[in-house]
$ cat start26.pdb   # PDB, C-alpha atoms and all ligand atoms
ATOM      1  CA  MET H1160     -36.337  -6.926  40.401
ATOM      2  CA  ASP H1161     -34.777  -5.115  43.354
ATOM      3  CA  LEU H1162     -34.012  -1.644  41.993
ATOM      4  CA  GLY H1163     -31.429  -1.044  44.723
ATOM      5  CA  ILE H1164     -32.769   2.391  45.672
ATOM      6  CA  ARG H1165     -34.624   1.588  48.915
ATOM      7  CA  GLY H1166     -34.070   4.464  51.363
ATOM      8  CA  ARG H1167     -33.142   6.976  48.637
ATOM      9  CA  THR H1168     -34.959  10.315  48.343
ATOM     10  CA  ALA H1169     -36.716  11.807  45.321
ATOM     11  CA  ILE H1170     -38.390  15.012  44.251
ATOM     12  CA  VAL H1171     -41.094  14.218  41.729
ATOM     13  CA  CYS H1172     -42.396  17.455  40.186
ATOM     14  CA  ALA H1173     -46.011  17.811  39.028
ATOM     15  CA  SER H1174     -47.061  14.466  40.468
ATOM     16  CA  SER H1175     -50.536  14.714  41.998
ATOM     17  CA  GLN H1176     -51.931  12.838  38.982
ATOM     18  CA  GLY H1177     -51.011  11.474  35.569
ATOM     19  CA  LEU H1178     -47.484  10.551  34.509
ATOM     20  CA  GLY H1179     -45.803  12.255  37.470
ATOM     21  CA  LYS H1180     -47.990  10.282  39.867
ATOM     22  CA  GLY H1181     -47.139   7.066  38.007
ATOM     23  CA  CYS H1182     -43.430   7.825  38.555
ATOM     24  CA  ALA H1183     -43.998   8.644  42.243
ATOM     25  CA  GLN H1184     -45.900   5.378  42.764
ATOM     26  CA  ALA H1185     -43.223   3.243  41.113
ATOM     27  CA  LEU H1186     -40.461   4.930  43.125
ATOM     28  CA  ALA H1187     -42.491   4.416  46.323
ATOM     29  CA  GLU H1188     -42.830   0.734  45.440
ATOM     30  CA  ALA H1189     -39.016   0.638  45.232
ATOM     31  CA  GLY H1190     -38.805   2.096  48.756
ATOM     32  CA  VAL H1191     -37.917   5.699  47.886
ATOM     33  CA  ALA H1192     -39.003   8.559  50.213
ATOM     34  CA  LEU H1193     -40.805  11.179  48.169
ATOM     35  CA  VAL H1194     -41.535  14.842  47.802
ATOM     36  CA  ILE H1195     -44.539  15.123  45.533
ATOM     37  CA  ASN H1196     -45.948  18.288  44.031
ATOM     38  CA  GLY H1197     -48.916  19.995  42.416
ATOM     39  CA  ARG H1198     -50.663  23.362  42.600
ATOM     40  CA  HIS H1199     -53.935  22.137  44.102
ATOM     41  CA  GLN H1200     -53.828  20.960  47.696
ATOM     42  CA  PRO H1201     -56.770  18.515  47.990
ATOM     43  CA  LEU H1202     -55.684  16.265  45.107
ATOM     44  CA  LEU H1203     -52.031  16.408  46.195
ATOM     45  CA  GLU H1204     -52.905  15.440  49.794
ATOM     46  CA  GLN H1205     -55.074  12.609  48.529
ATOM     47  CA  THR H1206     -52.249  11.271  46.346
ATOM     48  CA  ALA H1207     -49.757  11.544  49.208
ATOM     49  CA  GLN H1208     -52.057   9.558  51.474
ATOM     50  CA  GLU H1209     -52.704   6.940  48.792
ATOM     51  CA  ILE H1210     -48.958   6.385  48.285
ATOM     52  CA  ARG H1211     -48.173   6.253  52.021
ATOM     53  CA  GLN H1212     -50.894   3.688  52.584
ATOM     54  CA  ALA H1213     -49.866   1.521  49.634
ATOM     55  CA  TRP H1214     -46.099   1.433  50.209
ATOM     56  CA  GLY H1215     -45.397   2.820  53.683
ATOM     57  CA  VAL H1216     -42.779   5.324  52.513
ATOM     58  CA  ALA H1217     -42.483   8.932  53.706
ATOM     59  CA  VAL H1218     -44.310  11.272  51.336
ATOM     60  CA  THR H1219     -44.083  15.062  51.701
ATOM     61  CA  PRO H1220     -46.613  16.962  49.583
ATOM     62  CA  VAL H1221     -45.454  20.422  48.470
ATOM     63  CA  VAL H1222     -48.192  22.645  47.061
ATOM     64  CA  ALA H1223     -46.359  24.901  44.622
ATOM     65  CA  ASP H1224     -46.065  26.031  41.026
ATOM     66  CA  VAL H1225     -42.811  24.362  39.972
ATOM     67  CA  SER H1226     -42.252  27.008  37.288
ATOM     68  CA  THR H1227     -41.706  29.727  39.904
ATOM     69  CA  ALA H1228     -38.603  30.479  41.978
ATOM     70  CA  GLU H1229     -40.705  30.198  45.164
ATOM     71  CA  GLY H1230     -42.106  26.841  44.066
ATOM     72  CA  GLN H1231     -38.644  25.450  43.399
ATOM     73  CA  ALA H1232     -37.371  26.803  46.723
ATOM     74  CA  ALA H1233     -40.251  25.059  48.531
ATOM     75  CA  LEU H1234     -39.437  21.739  46.847
ATOM     76  CA  LEU H1235     -35.750  22.003  47.742
ATOM     77  CA  HIS H1236     -36.570  23.105  51.280
ATOM     78  CA  ALA H1237     -38.554  19.863  51.684
ATOM     79  CA  CYS H1238     -35.662  17.812  50.260
ATOM     80  CA  PRO H1239     -32.412  19.793  49.936
ATOM     81  CA  ASN H1240     -30.255  16.943  48.568
ATOM     82  CA  PRO H1241     -32.425  14.537  46.582
ATOM     83  CA  ASP H1242     -30.868  11.374  45.125
ATOM     84  CA  ILE H1243     -33.468  11.394  42.367
ATOM     85  CA  LEU H1244     -35.131  14.263  40.498
ATOM     86  CA  ILE H1245     -38.063  13.706  38.161
ATOM     87  CA  ASN H1246     -38.727  16.831  36.110
ATOM     88  CA  ASN H1247     -42.309  17.201  35.017
ATOM     89  CA  ASN H1248     -44.679  20.113  34.466
ATOM     90  CA  GLY H1249     -47.928  20.989  32.760
ATOM     91  CA  GLY H1250     -47.716  21.273  28.976
ATOM     92  CA  PRO H1251     -48.868  24.293  26.963
ATOM     93  CA  PRO H1252     -52.428  24.146  25.593
ATOM     94  CA  VAL H1253     -53.038  23.055  22.008
ATOM     95  CA  ARG H1254     -52.885  26.210  19.878
ATOM     96  CA  ASN H1255     -52.218  27.318  16.324
ATOM     97  CA  PHE H1256     -48.677  28.726  16.467
ATOM     98  CA  ARG H1257     -49.912  31.943  14.804
ATOM     99  CA  GLU H1258     -51.874  32.721  17.980
ATOM    100  CA  LEU H1259     -48.851  32.613  20.294
ATOM    101  CA  ASP H1260     -47.734  36.026  21.491
ATOM    102  CA  ARG H1261     -44.326  36.588  23.050
ATOM    103  CA  LYS H1262     -45.554  36.047  26.606
ATOM    104  CA  ALA H1263     -47.180  32.721  25.707
ATOM    105  CA  MET H1264     -43.972  31.592  24.010
ATOM    106  CA  LEU H1265     -41.778  32.612  26.945
ATOM    107  CA  ASP H1266     -44.167  30.908  29.383
ATOM    108  CA  GLY H1267     -43.979  27.677  27.380
ATOM    109  CA  VAL H1268     -40.192  27.786  27.267
ATOM    110  CA  THR H1269     -40.095  28.567  30.999
ATOM    111  CA  SER H1270     -42.319  25.609  31.881
ATOM    112  CA  ASN H1271     -40.812  22.936  29.700
ATOM    113  CA  MET H1272     -37.173  23.996  29.303
ATOM    114  CA  VAL H1273     -36.000  26.600  31.829
ATOM    115  CA  THR H1274     -37.695  25.079  34.906
ATOM    116  CA  PRO H1275     -36.105  21.619  34.597
ATOM    117  CA  ILE H1276     -32.713  23.214  33.903
ATOM    118  CA  GLU H1277     -33.027  25.411  37.005
ATOM    119  CA  LEU H1278     -33.858  22.423  39.198
ATOM    120  CA  ILE H1279     -30.998  20.387  37.761
ATOM    121  CA  GLN H1280     -28.604  23.284  38.482
ATOM    122  CA  LYS H1281     -29.701  23.136  42.110
ATOM    123  CA  VAL H1282     -29.195  19.395  42.688
ATOM    124  CA  ILE H1283     -26.479  18.194  40.345
ATOM    125  CA  ASP H1284     -23.386  19.175  42.320
ATOM    126  CA  SER H1285     -24.613  17.572  45.501
ATOM    127  CA  MET H1286     -25.477  14.395  43.565
ATOM    128  CA  SER H1287     -21.991  14.414  42.024
ATOM    129  CA  THR H1288     -20.296  14.869  45.397
ATOM    130  CA  ARG H1289     -22.267  11.964  46.872
ATOM    131  CA  GLY H1290     -21.572   9.741  43.845
ATOM    132  CA  PHE H1291     -25.191   8.915  43.046
ATOM    133  CA  GLY H1292     -27.842  10.819  41.139
ATOM    134  CA  ARG H1293     -30.669   9.983  38.792
ATOM    135  CA  ILE H1294     -32.455  12.688  36.815
ATOM    136  CA  VAL H1295     -35.341  11.892  34.493
ATOM    137  CA  ASN H1296     -37.029  14.576  32.414
ATOM    138  CA  ILE H1297     -40.530  13.846  31.172
ATOM    139  CA  THR H1298     -40.561  15.318  27.672
ATOM    140  CA  SER H1299     -42.723  14.089  24.776
ATOM    141  CA  VAL H1300     -42.823  12.084  21.557
ATOM    142  CA  SER H1301     -43.308  15.535  19.998
ATOM    143  CA  VAL H1302     -39.549  16.070  20.336
ATOM    144  CA  LYS H1303     -39.179  13.510  17.539
ATOM    145  CA  MET H1304     -42.498  13.727  15.728
ATOM    146  CA  PRO H1305     -44.568  16.889  15.229
ATOM    147  CA  ILE H1306     -48.017  17.095  16.843
ATOM    148  CA  THR H1307     -50.191  19.792  15.299
ATOM    149  CA  GLY H1308     -50.871  22.593  17.760
ATOM    150  CA  LEU H1309     -48.182  21.523  20.235
ATOM    151  CA  ASP H1310     -45.302  23.256  18.449
ATOM    152  CA  LEU H1311     -44.359  25.305  21.507
ATOM    153  CA  SER H1312     -44.203  22.183  23.652
ATOM    154  CA  SER H1313     -42.082  20.414  21.009
ATOM    155  CA  GLY H1314     -39.684  23.339  20.663
ATOM    156  CA  ALA H1315     -39.177  23.913  24.387
ATOM    157  CA  ARG H1316     -38.662  20.198  25.077
ATOM    158  CA  ALA H1317     -36.269  19.811  22.152
ATOM    159  CA  GLY H1318     -34.294  22.711  23.643
ATOM    160  CA  LEU H1319     -34.128  20.923  26.995
ATOM    161  CA  THR H1320     -33.057  17.712  25.260
ATOM    162  CA  ALA H1321     -30.178  19.369  23.416
ATOM    163  CA  PHE H1322     -29.124  21.295  26.526
ATOM    164  CA  MET H1323     -29.009  18.171  28.687
ATOM    165  CA  ALA H1324     -27.225  16.071  26.058
ATOM    166  CA  GLY H1325     -24.079  18.025  26.880
ATOM    167  CA  VAL H1326     -24.627  18.312  30.632
ATOM    168  CA  ALA H1327     -25.219  14.549  31.005
ATOM    169  CA  ARG H1328     -21.714  13.785  29.730
ATOM    170  CA  THR H1329     -20.101  16.063  32.313
ATOM    171  CA  VAL H1330     -21.422  14.092  35.310
ATOM    172  CA  ALA H1331     -21.489  10.522  33.962
ATOM    173  CA  ASP H1332     -18.253   9.666  35.818
ATOM    174  CA  LYS H1333     -19.905  10.697  39.101
ATOM    175  CA  ASN H1334     -22.650   8.080  38.729
ATOM    176  CA  VAL H1335     -25.134  10.842  37.952
ATOM    177  CA  THR H1336     -27.343  10.108  34.954
ATOM    178  CA  ILE H1337     -29.730  12.371  33.033
ATOM    179  CA  ASN H1338     -32.251  10.780  30.707
ATOM    180  CA  ASN H1339     -35.463  11.816  28.994
ATOM    181  CA  LEU H1340     -38.640   9.751  28.837
ATOM    182  CA  LEU H1341     -40.763  10.585  25.785
ATOM    183  CA  PRO H1342     -44.438   9.699  26.274
ATOM    184  CA  GLY H1343     -46.675   9.063  23.295
ATOM    185  CA  SER H1344     -50.374   8.819  24.195
ATOM    186  CA  PHE H1345     -50.922   7.969  27.862
ATOM    187  CA  ASP H1346     -54.310   7.776  29.487
ATOM    188  CA  THR H1347     -54.272  10.840  31.746
ATOM    189  CA  ALA H1348     -56.494  13.856  32.377
ATOM    190  CA  ARG H1349     -54.436  15.889  29.915
ATOM    191  CA  LEU H1350     -54.879  13.327  27.130
ATOM    192  CA  ARG H1351     -58.629  13.091  27.807
ATOM    193  CA  ASN H1352     -58.962  16.897  27.697
ATOM    194  CA  ASN H1353     -57.105  17.066  24.401
ATOM    195  CA  LEU H1354     -59.272  14.251  23.003
ATOM    196  CA  SER H1355     -62.388  16.173  24.014
ATOM    197  CA  LEU H1356     -61.188  19.166  22.002
ATOM    198  CA  THR H1357     -60.519  16.919  19.000
ATOM    199  CA  ALA H1358     -63.974  15.353  19.411
ATOM    200  CA  LYS H1359     -65.636  18.780  19.350
ATOM    201  CA  ARG H1360     -63.620  19.845  16.327
ATOM    202  CA  ASN H1361     -64.534  16.683  14.415
ATOM    203  CA  GLN H1362     -68.114  16.607  15.723
ATOM    204  CA  VAL H1363     -67.822  13.114  17.161
ATOM    205  CA  SER H1364     -68.228  11.775  20.703
ATOM    206  CA  ASP H1365     -65.289  11.653  23.121
ATOM    207  CA  THR H1366     -65.456   7.841  22.948
ATOM    208  CA  GLU H1367     -65.206   7.905  19.165
ATOM    209  CA  ALA H1368     -62.269  10.346  19.278
ATOM    210  CA  ALA H1369     -60.470   8.058  21.745
ATOM    211  CA  ALA H1370     -61.175   4.972  19.609
ATOM    212  CA  ARG H1371     -59.777   6.690  16.502
ATOM    213  CA  SER H1372     -56.706   7.796  18.384
ATOM    214  CA  MET H1373     -56.044   4.289  19.739
ATOM    215  CA  ALA H1374     -56.577   2.778  16.295
ATOM    216  CA  ALA H1375     -53.678   4.880  14.990
ATOM    217  CA  ILE H1376     -51.267   3.357  17.548
ATOM    218  CA  PRO H1377     -49.734  -0.025  16.628
ATOM    219  CA  ALA H1378     -50.389  -1.250  20.211
ATOM    220  CA  LYS H1379     -54.085  -0.279  19.703
ATOM    221  CA  ARG H1380     -54.339   1.259  23.153
ATOM    222  CA  PHE H1381     -53.120   4.157  25.263
ATOM    223  CA  GLY H1382     -50.254   3.697  27.688
ATOM    224  CA  THR H1383     -50.891   3.690  31.432
ATOM    225  CA  PRO H1384     -49.223   5.976  33.990
ATOM    226  CA  ALA H1385     -48.255   2.792  35.891
ATOM    227  CA  GLU H1386     -46.159   1.397  33.038
ATOM    228  CA  PHE H1387     -44.640   4.818  32.427
ATOM    229  CA  GLY H1388     -43.706   4.989  36.123
ATOM    230  CA  GLN H1389     -42.036   1.572  36.079
ATOM    231  CA  ALA H1390     -39.777   2.629  33.195
ATOM    232  CA  CYS H1391     -38.912   5.801  35.087
ATOM    233  CA  ALA H1392     -38.101   3.842  38.258
ATOM    234  CA  PHE H1393     -35.806   1.535  36.291
ATOM    235  CA  LEU H1394     -33.894   4.557  34.946
ATOM    236  CA  CYS H1395     -33.504   5.648  38.582
ATOM    237  CA  SER H1396     -32.255   2.235  39.692
ATOM    238  CA  VAL H1397     -28.711   1.106  40.460
ATOM    239  CA  HIS H1398     -28.919  -1.051  37.311
ATOM    240  CA  ALA H1399     -29.226   1.954  34.996
ATOM    241  CA  GLY H1400     -25.967   3.720  35.885
ATOM    242  CA  PHE H1401     -24.546   3.180  32.379
ATOM    243  CA  ILE H1402     -27.576   4.697  30.633
ATOM    244  CA  THR H1403     -27.248   8.456  30.279
ATOM    245  CA  GLY H1404     -28.113  11.206  27.822
ATOM    246  CA  GLN H1405     -30.767   8.996  26.245
ATOM    247  CA  ASN H1406     -34.244   9.657  24.873
ATOM    248  CA  ILE H1407     -36.500   6.740  25.606
ATOM    249  CA  LEU H1408     -39.682   6.685  23.611
ATOM    250  CA  MET H1409     -42.781   5.013  25.078
ATOM    251  CA  ASP H1410     -45.493   5.210  22.450
ATOM    252  CA  GLY H1411     -46.816   1.730  21.648
ATOM    253  CA  GLY H1412     -44.962   1.873  18.322
ATOM    254  CA  ALA H1413     -46.533   5.119  17.084
ATOM    255  CA  TYR H1414     -43.273   6.703  15.880
ATOM    256  CA  PRO H1415     -42.769   5.046  12.517
ATOM    257  CA  ALA H1416     -39.027   4.565  12.200
ATOM    258  CA  ALA H1417     -36.326   1.924  12.625
ATOM    259  CA  PHE H1418     -34.119   4.228  14.744
TER     260      PHE H1418
HETATM  261  N1  LIG H1501     -50.380  12.125  28.696
HETATM  262  C1  LIG H1501     -49.779  12.085  27.555
HETATM  263  O1  LIG H1501     -50.175  11.319  26.674
HETATM  264  C2  LIG H1501     -48.576  12.967  27.280
HETATM  265  C3  LIG H1501     -47.927  12.848  26.042
HETATM  266  C4  LIG H1501     -46.824  13.636  25.782
HETATM  267  C5  LIG H1501     -46.382  14.554  26.715
HETATM  268  N2  LIG H1501     -47.038  14.659  27.911
HETATM  269  C6  LIG H1501     -46.535  15.655  28.872
HETATM  270  O2  LIG H1501     -46.264  15.030  30.108
HETATM  271  C7  LIG H1501     -46.532  15.975  31.153
HETATM  272  C8  LIG H1501     -47.512  15.334  32.149
HETATM  273  O3  LIG H1501     -48.709  15.076  31.463
HETATM  274  P1  LIG H1501     -49.952  14.318  32.120
HETATM  275  O4  LIG H1501     -50.685  13.737  30.972
HETATM  276  O5  LIG H1501     -49.511  13.468  33.226
HETATM  277  O6  LIG H1501     -50.785  15.574  32.677
HETATM  278  P2  LIG H1501     -51.968  15.625  33.761
HETATM  279  O7  LIG H1501     -52.664  14.323  33.878
HETATM  280  O8  LIG H1501     -52.731  16.840  33.411
HETATM  281  O9  LIG H1501     -51.187  15.877  35.150
HETATM  282  C9  LIG H1501     -50.405  17.006  35.299
HETATM  283  C10 LIG H1501     -49.864  17.059  36.720
HETATM  284  O10 LIG H1501     -48.955  18.142  36.824
HETATM  285  C11 LIG H1501     -49.377  19.047  37.851
HETATM  286  N3  LIG H1501     -48.964  20.378  37.415
HETATM  287  C12 LIG H1501     -49.307  20.997  36.262
HETATM  288  N4  LIG H1501     -48.718  22.203  36.206
HETATM  289  C13 LIG H1501     -47.979  22.348  37.330
HETATM  290  C14 LIG H1501     -47.152  23.364  37.845
HETATM  291  N5  LIG H1501     -46.958  24.502  37.164
HETATM  292  N6  LIG H1501     -46.541  23.178  39.029
HETATM  293  C15 LIG H1501     -46.728  22.036  39.724
HETATM  294  N7  LIG H1501     -47.498  21.028  39.291
HETATM  295  C16 LIG H1501     -48.131  21.186  38.110
HETATM  296  C17 LIG H1501     -50.875  18.826  37.961
HETATM  297  O11 LIG H1501     -51.395  19.201  39.213
HETATM  298  P3  LIG H1501     -52.041  20.682  39.440
HETATM  299  O12 LIG H1501     -52.911  20.953  38.273
HETATM  300  O13 LIG H1501     -52.736  20.565  40.750
HETATM  301  O14 LIG H1501     -50.865  21.596  39.499
HETATM  302  C18 LIG H1501     -50.934  17.306  37.769
HETATM  303  O15 LIG H1501     -50.564  16.644  38.950
HETATM  304  C19 LIG H1501     -47.071  17.234  30.497
HETATM  305  O16 LIG H1501     -46.026  18.150  30.312
HETATM  306  C20 LIG H1501     -47.559  16.735  29.143
HETATM  307  O17 LIG H1501     -47.563  17.734  28.165
HETATM  308  C21 LIG H1501     -48.129  13.895  28.203
END

$ encode --input "start26.pdb" --output "structure tokens"
Amino acid sequence: MDLGIRGRTAIVCASSQGLGKGCAQALAEAGVALVINGRHQPLLEQTAQEIRQAWGVAVTPVVADVSTAEGQAALLHACPNPDILINNNGGPPVRNFRELDRKAMLDGVTSNMVTPIELIQKVIDSMSTRGFGRIVNITSVSVKMPITGLDLSSGARAGLTAFMAGVARTVADKNVTINNLLPGSFDTARLRNNLSLTAKRNQVSDTEAAARSMAAIPAKRFGTPAEFGQACAFLCSVHAGFITGQNILMDGGAYPAAF
């Protein structure tokens, strides 16, 4: 399917690997020029080169912490008026909520709620004026279904979701959409790290922990960053202009409900 976004520009936050990279790759396949981002230069440069070679689009790597004012300024300097913004960031570590002090809580809220809101503030009016904008926030299945130890992540992302539910309606008539993609278990470095912790806790091998985790998903597997990216690219396409303010769950059927 032609997504109708060839020649558009996108900022894809936190995209040197994992889900962000999957989104960047799918947008590149659709002909979108990219700003990609991560805090570590070698991996980011490698990803930029990989995407350029595969799809021949312009890719500008911006080494920056997206949670900081300087990081956001660097991203917007590289692409002042993006047509597409993919909000992504690292997630807080797995922790018993009793161990979270105030700083840890504020950091979590900054990463997964305040940062995407700040970036949206900076791009939304220009998108509205130009009559095209696509914003996708990578949140989590944990917005709908608790995951033990990720309470801070769930809370911050639920805050972002509620915040954007209102904002999305104010720009829908300008062909600017804001949607959230909710990943379940996707095979990324973060998932593998979390599985390793579970394996240690349960005194099993990493392979066994992964097998148990997959067995609990109706699809009996983890999702791939590539399929996550394709869903994201569709939400950014010309065909998705009537989809806004939605929470789209991608979890292989793990969330056990009819609605
Ligand atoms: N994978 C899953 O199954 C899953 C499920 C639910 C929710 N999520 C959420 O989805 C998001 C992406 O997860 P993932 O699995 O793709 O993680 P990942 O494989 O660890 O990749 C994270 C990416 O974000 C970059 N990054 C992290 N913190 C950053 C920062 N402050 N500024 C700029 N870039 C940053 C990393 O690069 P650098 O380290 O070089 O900065 C890397 O490119 C996370 O918020 C995670 O909690 C993931």

$ axis_aligned_box --input "start26.pdb" --around "ligand LIG 1501 (chain H)" --padding-each-side "6 Å" --output "lines of an AutoDock Vina configuration file"
center_x = -49.5
center_y = 17.9
center_z = 33.3
size_x = 18.9
size_y = 25.2
size_z = 27.0

$ residues_near_ligand --input "start26.pdb" --ligand "ligand LIG 1501 (chain H)" --cutoff "7 Å" --atoms "all atoms listed in the file" --output "number ranges by chain"
H: 1172-1180, 1196-1199, 1202-1203, 1223-1226, 1247-1251, 1297-1300, 1341-1350

$ residues_around --input "start26.pdb" --residues "H:Val1194" --least-positions-apart "3" --cutoff "12 Å" --atoms "only C-alpha atoms" --output "PyMOL selection string"
chain H and resi 1167-1175+1179-1180+1182-1184+1186-1187+1191+1197+1203-1204+1206-1207+1210-1211+1216-1223+1231+1233-1245

$ atom_distance --input "start26.pdb" --atom1 "atom CA of H:Arg1293" --atom2 "atom CA of H:Pro1384"
19.6 Å

$ residues_near_point --input "start26.pdb" --point "(-32.3, -2.9, 41.9)" --cutoff "7 Å" --atoms "only C-alpha atoms" --output "list in words"
Met1160, Asp1161, Leu1162, Gly1163, Ile1164, Ser1396, Val1397 and His1398 of chain H

$ closest_residue --input "start26.pdb" --among "H:Met1323, H:Lys1333, H:Gln1212, H:Ser1372" --to "H:Arg1289" --atoms "all atoms listed in the file"
H:Lys1333

$ closest_residue --input "start26.pdb" --among "H:Val1273, H:Asp1410, H:Ala1327, H:Leu1309" --to "H:Glu1386" --atoms "only C-alpha atoms"
H:Asp1410

$ closest_residue --input "start26.pdb" --among "H:Ala1317, H:Gly1382, H:Gly1166, H:Val1335" --to "H:Met1304" --atoms "only C-alpha atoms"
H:Ala1317

$ closest_residue --input "start26.pdb" --among "H:Arg1257, H:Arg1328, H:Arg1165, H:Lys1379" --to "H:Phe1401" --atoms "all atoms listed in the file"
H:Arg1328

$ residues_around --input "start26.pdb" --residues "H:Ser1287" --least-positions-apart "4" --cutoff "9 Å" --atoms "only C-alpha atoms" --output "list of chain:residue names"
H:Val1282, H:Ile1283, H:Phe1291, H:Gly1292, H:Val1330, H:Ala1331, H:Asp1332, H:Lys1333, H:Asn1334, H:Val1335

$ closest_residue --input "start26.pdb" --among "H:Leu1278, H:Ile1337, H:Leu1265, H:Ala1417" --to "H:Ala1315" --atoms "only C-alpha atoms"
H:Leu1265

$ atom_distance --input "start26.pdb" --atom1 "atom CA of H:Gln1280" --atom2 "atom CA of H:Asn1339"
16.4 Å
